[in-house]
Amino acid sequence: MGGIKIIKVEDIGYLKVEITFNDQKLSRVDIGSFIRRHPHPQYNKYLDPKKFKRFSIENGNVVWGKNWDLIFPIEQLYAGELL
């Protein structure tokens, strides 16, 4: 997926985001579902909607946390499904 980058991320509620890629593709991704399927203290704090909303785009990907506590493969985000 060389060259594909995230250019915009919007919180659409219920721990879901809508991601716009540099090729204009839109994907809706349920981050909350991933966290509930893969519980871990590092991830669980993002089930709090206030903390969830504190994401940023860094190096063309969406990340949560100062030290990238939560980050996903760009291919999965592009497909709209986290494994």
# chains A, B, ... in the order shown; residues from 1 in each chain; ligands from 1
$ residues_around --residues "range 63-75 of chain A" --least-positions-apart "2" --cutoff "12 Å" --atoms "only C-alpha atoms" --output "PyMOL selection string"
chain A and resi 1-6+9+17+19-21+27+29-32+34-35+38+40-47+50-61+77-83
$ select_by_dssp --residues "chain A" --states "strand (DSSP E)" --output "number ranges by chain"
A: 6-13, 16-21, 26-30, 55-58, 61-64, 70-71
$ atom_distance --atom1 "CA of Asp48 in chain A" --atom2 "CA of Asn22 in chain A"
28.9 Å
$ closest_residue --among "A:Arg28, A:Arg36, A:Val62, A:Pro49" --to "Lys8 in chain A" --atoms "only C-alpha atoms"
A:Val62
